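Working notes, beginning with the structure itself.
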Amino acid sequence: MVDADQTFVIVGGGLAGAKAAETLREEGFTGRVILIGDERDHPYERPPLSKGFLQGKEPREKAFVHEPAWYASNDVELHLGQTVTTIDRAAKTVRLGDSTTISYDKLLLATGAEPRRLDIPGTDLVGVHHLRRLAHAERLKNVLAALGRDNGHLVIAGAGWIGLEVAAAAREYGAEVTVVEPEATPLHAVLGPEVGQIFTELHSDHGVRFHFGARLTEISGQDGMVLAAHTDDGEEHPAHDVLAAIGAAPRTGLAEAAGLTLAGREHGGG
């Protein structure tokens with residue numbers, strides 16, 4: 001075929017990148033397909049991380065987009081645990097963190113998103129968590145199990161899907177959970193107040209405490225460990241661990257550095 005001498009490079013080892021590789025092969029592309037991911041795990045889906053896997057009900061392998069052997073059998077070259085540092089659009093190359101240079105004919109950026117960070121004092125303490133990657137979920141699963149054993153307290157900033165799903169998992173482990181949310185109900189902007197109230201009642205019935213109309217302003221600790229989370233209305237919530245579940249932002253740094261034009265949010269951008 002005419003594309004047999006072509007190289008298609010995919011940057012990003014998530015669902016989008018893995019499905020792009022699959023689609024190329026299904027539609028008859030016979031050239032090289034190279035998938036580069038900055039995690040050492042094979043490409044996986046993220047929703048299970050806050051559901052079955054976090055609850056200890058599903059193995060980590062269930063999150064994988066394909067069986068590991070699929071990539072070799074479909075002649076998809078994997079570069080896992082590698083970060084693309086630069087794109088040279090003129091030379092049509094990408095440079096990896098280990099200084100390897102890979103040439104491409106076509107390039108797909110499927111770099112996904114990163115969790116938004118809390119911009120408050122105390123986020124450097126041990127016990128402040130995010131949930132975006134498999135490694136995050138593995139660590140958080142152990143944390144929730146320990147909190148459940150020791151009657152520990154988890155404070156979650158944000159009552160979106162991630163916050164609610166982690167709250168539910170934490171309660172299943174037996175941990176005490178307080179969710180701090182600036183809106184009047186969970187998922188307020190997505191589902192509205194009426195449905196949000198249903199989620200409030202559902203999770204409250206399972207022992208989750210909500211603190212609405214407030215934001216975290218500080219995480220205090222001692223000897224590098226979390227002790228409490230403070231809100232802008234003067235409340236203090238005991239905490240052994242804190243989860244920031246305040247959304248995610250697109251990873252656009254690589255595209256920006258390559259000089260690509262990015263759409264603003266008002267024009268459908270991330």
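Just remember, in the structure tokens the first chain shown is A, the second B, etc., residues are 1-based per chain, and ligands are 1-based in the order shown.
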
May I have a table of the residues of range 196-238 of chain A lying at most 9 Å from range 166-175 of chain A, giving each one's closest pair of atoms and their distance in Å to one decimal, counting only C-alpha atoms, ordered by chain and ascending residue number, as JSON lines?
```
{"residue": "A:His203", "atom": "CA", "partner": "A:Ala168", "partner_atom": "CA", "distance": 7.1}
{"residue": "A:His206", "atom": "CA", "partner": "A:Arg171", "partner_atom": "CA", "distance": 7.2}
{"residue": "A:Gly207", "atom": "CA", "partner": "A:Arg171", "partner_atom": "CA", "distance": 7.0}
{"residue": "A:Val208", "atom": "CA", "partner": "A:Ala167", "partner_atom": "CA", "distance": 6.9}
```

Atomic distance CA of Thr217 in chain A - CA of Gly163 in chain A, expressed in Å with one decimal: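 Calculated distance between CA of Thr217 in chain A and CA of Gly163 in chain A is 17.7 Å.
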
Length of the CA of Ala16 in chain A to CA of Tyr71 in chain A vector [Å]: 14.9 Å

Please provide as a PDB file with N, CA and C atoms, in the first residue's frame all residues within 12 Å of Ala91 in chain A, with the sequence filter that same-chain residues fewer than 3 positions apart are discarded (counting only C-alpha atoms).
```
ATOM      1  N   THR A  86      10.149  17.751  23.170  1.00  0.00           N
ATOM      2  CA  THR A  86      10.017  18.778  22.127  1.00  0.00           C
ATOM      3  C   THR A  86       9.494  18.155  20.834  1.00  0.00           C
ATOM      4  N   ILE A  87       8.820  19.000  20.065  1.00  0.00           N
ATOM      5  CA  ILE A  87       8.386  18.641  18.722  1.00  0.00           C
ATOM      6  C   ILE A  87       9.041  19.616  17.743  1.00  0.00           C
ATOM      7  N   ASP A  88       9.722  19.066  16.762  1.00  0.00           N
ATOM      8  CA  ASP A  88      10.295  19.894  15.690  1.00  0.00           C
ATOM      9  C   ASP A  88       9.402  19.709  14.473  1.00  0.00           C
ATOM     10  N   VAL A  94      10.078  14.110  16.948  1.00  0.00           N
ATOM     11  CA  VAL A  94       9.825  14.341  18.367  1.00  0.00           C
ATOM     12  C   VAL A  94      11.050  13.868  19.126  1.00  0.00           C
ATOM     13  N   ARG A  95      11.355  14.560  20.187  1.00  0.00           N
ATOM     14  CA  ARG A  95      12.509  14.211  21.017  1.00  0.00           C
ATOM     15  C   ARG A  95      12.005  13.739  22.372  1.00  0.00           C
ATOM     16  N   THR A 101      15.436  10.542  19.314  1.00  0.00           N
ATOM     17  CA  THR A 101      14.680  11.326  18.338  1.00  0.00           C
ATOM     18  C   THR A 101      13.940  10.377  17.406  1.00  0.00           C
ATOM     19  N   ILE A 102      12.649  10.619  17.225  1.00  0.00           N
ATOM     20  CA  ILE A 102      11.810   9.778  16.376  1.00  0.00           C
ATOM     21  C   ILE A 102      11.219  10.640  15.272  1.00  0.00           C
ATOM     22  N   SER A 103      11.357  10.195  14.036  1.00  0.00           N
ATOM     23  CA  SER A 103      10.784  10.914  12.899  1.00  0.00           C
ATOM     24  C   SER A 103       9.353  10.453  12.659  1.00  0.00           C
ATOM     25  N   TYR A 104       8.541  11.359  12.130  1.00  0.00           N
ATOM     26  CA  TYR A 104       7.154  11.009  11.838  1.00  0.00           C
ATOM     27  C   TYR A 104       6.725  11.611  10.499  1.00  0.00           C
ATOM     28  N   ASP A 105       5.715  10.991   9.916  1.00  0.00           N
ATOM     29  CA  ASP A 105       5.009  11.583   8.779  1.00  0.00           C
ATOM     30  C   ASP A 105       3.712  12.226   9.236  1.00  0.00           C
ATOM     31  N   LYS A 106       3.072  11.574  10.205  1.00  0.00           N
ATOM     32  CA  LYS A 106       1.876  12.118  10.839  1.00  0.00           C
ATOM     33  C   LYS A 106       2.061  12.035  12.348  1.00  0.00           C
ATOM     34  N   ALA A 258       5.292  23.833  20.658  1.00  0.00           N
ATOM     35  CA  ALA A 258       5.494  23.539  19.240  1.00  0.00           C
ATOM     36  C   ALA A 258       4.920  24.614  18.334  1.00  0.00           C
TER      37      ALA A 258
END
```

Which residues of range 66-117 of chain A sit at most 8 Å from range 17-38 of chain A, using only C-alpha atoms? Give each one's shortest atom pair and distance in Å (one decimal place), in chain and ascending residue order, as a Markdown table.
```
| residue | atom | partner | partner_atom | distance |
| --- | --- | --- | --- | --- |
| A:His66 | CA | A:Ala18 | CA | 7.9 |
| A:Asn74 | CA | A:Arg25 | CA | 7.2 |
| A:Asp75 | CA | A:Val33 | CA | 7.3 |
| A:Val76 | CA | A:Val33 | CA | 5.2 |
| A:Glu77 | CA | A:Ile34 | CA | 4.7 |
| A:Leu78 | CA | A:Leu35 | CA | 5.1 |
| A:His79 | CA | A:Ile36 | CA | 4.7 |
| A:Leu80 | CA | A:Gly37 | CA | 4.9 |
| A:Gly81 | CA | A:Asp38 | CA | 4.4 |
| A:Gln82 | CA | A:Asp38 | CA | 4.5 |
| A:Thr83 | CA | A:Asp38 | CA | 4.9 |
| A:Val84 | CA | A:Ile36 | CA | 7.8 |
| A:Ala110 | CA | A:Gly17 | CA | 5.7 |
```

Sel. of helix (DSSP H, G or I) residues, range 80-190 of chain A, as a ChimeraX atom specification: /A:134-149,161-173,188-190

Members of range 126-168 of chain A assigned strand (DSSP E or B) by DSSP, as a ChimeraX atom specification: /A:126,128-129,153-157

Nearby residues (only C-alpha atoms) at most 6 Å from Leu243 in chain A, same-chain spacing under 2 positions excluded, as a list in words: Val128, His129, His130 and Ile156 of chain A

Excluding Ala135 in chain A and residues on its chain fewer than 3 positions from it, collect all residues at most 12 Å away from it, counting only C-alpha atoms, and give them as a tab-separated table (two decimals) with C-alpha atoms, in the first residue's frame.
```tsv
chain	number	residue	atom	x	y	z
A	39	GLU	CA	3.55	6.11	32.24
A	40	ARG	CA	5.11	2.65	32.42
A	41	ASP	CA	1.73	0.92	32.33
A	44	TYR	CA	-5.64	2.23	30.21
A	46	ARG	CA	-9.45	6.24	33.64
A	49	LEU	CA	-9.69	4.20	38.74
A	53	PHE	CA	-10.34	-0.74	41.06
A	54	LEU	CA	-10.34	1.81	43.88
A	60	ARG	CA	-5.78	-3.29	37.60
A	129	HIS	CA	-3.73	13.35	46.99
A	130	HIS	CA	-5.00	13.63	43.41
A	131	LEU	CA	-6.61	10.96	41.29
A	132	ARG	CA	-5.78	10.87	37.61
A	138	GLU	CA	-3.07	2.36	43.76
A	139	ARG	CA	-1.75	4.71	46.41
A	140	LEU	CA	-5.21	6.02	47.29
A	141	LYS	CA	-6.62	2.50	47.62
A	142	ASN	CA	-4.04	1.74	50.29
```

CA of Leu109 in chain A to CA of Val9 in chain A, distance in Å rounded to a single decimal: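 Taking CA of Leu109 in chain A as the start and CA of Val9 in chain A as the end point, the length is 8.6 Å.
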
Glu176 in chain A environment, 10 Å, only C-alpha atoms, sequence neighbours closer than 4 positions dropped, as a list of chain:residue names: A:Leu144, A:Leu147, A:Gly148, A:Asp150, A:Asn151, A:Gly152, A:His153, A:Leu154, A:Val155, A:Ala167, A:Ala170, A:Arg171, A:Gly207, A:Val208, A:Arg209, A:Pro238, A:Ala239, A:His240

Using N, CA, C and O atoms, can you export the residues from the last selection as a PDB file, in the first residue's frame?
```pdb
ATOM      1  N   LEU A 144      -7.137   4.567  51.684  1.00  0.00           N
ATOM      2  CA  LEU A 144      -8.518   4.372  52.136  1.00  0.00           C
ATOM      3  C   LEU A 144      -8.645   3.154  53.041  1.00  0.00           C
ATOM      4  O   LEU A 144      -9.374   3.173  54.035  1.00  0.00           O
ATOM      5  N   LEU A 147      -7.283   4.189  56.395  1.00  0.00           N
ATOM      6  CA  LEU A 147      -8.219   5.075  57.086  1.00  0.00           C
ATOM      7  C   LEU A 147      -9.389   4.283  57.664  1.00  0.00           C
ATOM      8  O   LEU A 147      -9.859   4.558  58.771  1.00  0.00           O
ATOM      9  N   GLY A 148      -9.864   3.314  56.901  1.00  0.00           N
ATOM     10  CA  GLY A 148     -10.955   2.489  57.396  1.00  0.00           C
ATOM     11  C   GLY A 148     -10.570   1.683  58.619  1.00  0.00           C
ATOM     12  O   GLY A 148     -11.345   1.569  59.576  1.00  0.00           O
ATOM     13  N   ASP A 150      -8.281   2.441  60.819  1.00  0.00           N
ATOM     14  CA  ASP A 150      -7.920   3.294  61.957  1.00  0.00           C
ATOM     15  C   ASP A 150      -8.965   4.348  62.281  1.00  0.00           C
ATOM     16  O   ASP A 150      -8.685   5.276  63.044  1.00  0.00           O
ATOM     17  N   ASN A 151     -10.165   4.229  61.682  1.00  0.00           N
ATOM     18  CA  ASN A 151     -11.209   5.233  61.895  1.00  0.00           C
ATOM     19  C   ASN A 151     -10.713   6.623  61.511  1.00  0.00           C
ATOM     20  O   ASN A 151     -10.977   7.617  62.193  1.00  0.00           O
ATOM     21  N   GLY A 152      -9.987   6.701  60.402  1.00  0.00           N
ATOM     22  CA  GLY A 152      -9.406   7.957  59.962  1.00  0.00           C
ATOM     23  C   GLY A 152     -10.374   8.814  59.182  1.00  0.00           C
ATOM     24  O   GLY A 152     -11.458   8.375  58.763  1.00  0.00           O
ATOM     25  N   HIS A 153      -9.964  10.073  58.964  1.00  0.00           N
ATOM     26  CA  HIS A 153     -10.813  11.071  58.302  1.00  0.00           C
ATOM     27  C   HIS A 153     -10.206  11.471  56.963  1.00  0.00           C
ATOM     28  O   HIS A 153      -9.026  11.793  56.869  1.00  0.00           O
ATOM     29  N   LEU A 154     -11.044  11.462  55.942  1.00  0.00           N
ATOM     30  CA  LEU A 154     -10.673  11.955  54.628  1.00  0.00           C
ATOM     31  C   LEU A 154     -11.510  13.182  54.308  1.00  0.00           C
ATOM     32  O   LEU A 154     -12.738  13.149  54.410  1.00  0.00           O
ATOM     33  N   VAL A 155     -10.849  14.277  53.931  1.00  0.00           N
ATOM     34  CA  VAL A 155     -11.544  15.468  53.445  1.00  0.00           C
ATOM     35  C   VAL A 155     -11.346  15.536  51.938  1.00  0.00           C
ATOM     36  O   VAL A 155     -10.217  15.410  51.453  1.00  0.00           O
ATOM     37  N   ALA A 167     -15.536   9.346  47.662  1.00  0.00           N
ATOM     38  CA  ALA A 167     -16.256   9.379  48.931  1.00  0.00           C
ATOM     39  C   ALA A 167     -16.981   8.057  49.171  1.00  0.00           C
ATOM     40  O   ALA A 167     -16.944   7.495  50.277  1.00  0.00           O
ATOM     41  N   ALA A 170     -14.427   5.376  49.972  1.00  0.00           N
ATOM     42  CA  ALA A 170     -13.885   5.566  51.321  1.00  0.00           C
ATOM     43  C   ALA A 170     -14.846   5.072  52.383  1.00  0.00           C
ATOM     44  O   ALA A 170     -14.443   4.465  53.384  1.00  0.00           O
ATOM     45  N   ARG A 171     -16.132   5.322  52.193  1.00  0.00           N
ATOM     46  CA  ARG A 171     -17.124   4.849  53.157  1.00  0.00           C
ATOM     47  C   ARG A 171     -17.201   3.322  53.153  1.00  0.00           C
ATOM     48  O   ARG A 171     -17.399   2.706  54.199  1.00  0.00           O
ATOM     49  N   GLY A 207     -23.360   7.954  55.050  1.00  0.00           N
ATOM     50  CA  GLY A 207     -22.429   8.471  56.046  1.00  0.00           C
ATOM     51  C   GLY A 207     -21.475   9.545  55.588  1.00  0.00           C
ATOM     52  O   GLY A 207     -20.599   9.959  56.360  1.00  0.00           O
ATOM     53  N   VAL A 208     -21.622  10.037  54.348  1.00  0.00           N
ATOM     54  CA  VAL A 208     -20.763  11.133  53.884  1.00  0.00           C
ATOM     55  C   VAL A 208     -21.290  12.451  54.421  1.00  0.00           C
ATOM     56  O   VAL A 208     -22.494  12.728  54.354  1.00  0.00           O
ATOM     57  N   ARG A 209     -20.404  13.262  54.981  1.00  0.00           N
ATOM     58  CA  ARG A 209     -20.777  14.597  55.447  1.00  0.00           C
ATOM     59  C   ARG A 209     -20.423  15.627  54.377  1.00  0.00           C
ATOM     60  O   ARG A 209     -19.330  15.576  53.807  1.00  0.00           O
ATOM     61  N   PRO A 238     -11.214  17.920  60.895  1.00  0.00           N
ATOM     62  CA  PRO A 238     -10.129  16.973  61.150  1.00  0.00           C
ATOM     63  C   PRO A 238      -9.859  16.134  59.895  1.00  0.00           C
ATOM     64  O   PRO A 238     -10.793  15.745  59.191  1.00  0.00           O
ATOM     65  N   ALA A 239      -8.602  15.897  59.619  1.00  0.00           N
ATOM     66  CA  ALA A 239      -8.264  15.137  58.415  1.00  0.00           C
ATOM     67  C   ALA A 239      -6.934  14.439  58.599  1.00  0.00           C
ATOM     68  O   ALA A 239      -5.992  15.014  59.160  1.00  0.00           O
ATOM     69  N   HIS A 240      -6.877  13.211  58.149  1.00  0.00           N
ATOM     70  CA  HIS A 240      -5.606  12.506  58.046  1.00  0.00           C
ATOM     71  C   HIS A 240      -5.100  12.530  56.603  1.00  0.00           C
ATOM     72  O   HIS A 240      -3.898  12.414  56.363  1.00  0.00           O
TER      73      HIS A 240
END
```

Neighbour list for range 160-162 of chain A as a list in words, cut-off 7 Å, only C-alpha atoms, skip fewer than 6 positions in-chain: Ser50, Pro186, Leu187 and Ala245 of chain A

Go ahead and write the residues just picked, all heavy atoms, as a compact mmCIF listing (two decimals), in the first residue's frame.
```txt
# COMPACT_ATOMS: atom_id res chain seq x y z
N SER A 50 -11.61 5.31 39.76
CA SER A 50 -12.38 5.81 40.90
C SER A 50 -13.57 4.91 41.22
O SER A 50 -14.40 5.27 42.06
CB SER A 50 -12.87 7.23 40.61
OG SER A 50 -13.65 7.27 39.43
N PRO A 186 -23.93 18.70 45.11
CA PRO A 186 -22.94 18.04 44.24
C PRO A 186 -23.34 18.18 42.77
O PRO A 186 -24.52 18.27 42.44
CB PRO A 186 -23.02 16.57 44.67
CG PRO A 186 -23.65 16.57 46.02
CD PRO A 186 -24.57 17.75 46.03
N LEU A 187 -22.35 18.20 41.90
CA LEU A 187 -22.58 18.22 40.46
C LEU A 187 -23.55 19.32 40.05
O LEU A 187 -24.32 19.19 39.10
CB LEU A 187 -23.12 16.86 40.00
CG LEU A 187 -22.19 15.67 40.28
CD1 LEU A 187 -22.95 14.36 40.20
CD2 LEU A 187 -21.02 15.67 39.30
N ALA A 245 -10.20 17.14 44.33
CA ALA A 245 -11.01 16.64 43.21
C ALA A 245 -11.74 17.82 42.60
O ALA A 245 -12.96 17.88 42.55
CB ALA A 245 -11.99 15.57 43.69
```

Distance criterion (only C-alpha atoms): nearest to Gly247 in chain A out of A:Gly192, A:Gly221, A:Gly56, A:Gly158: A:Gly158
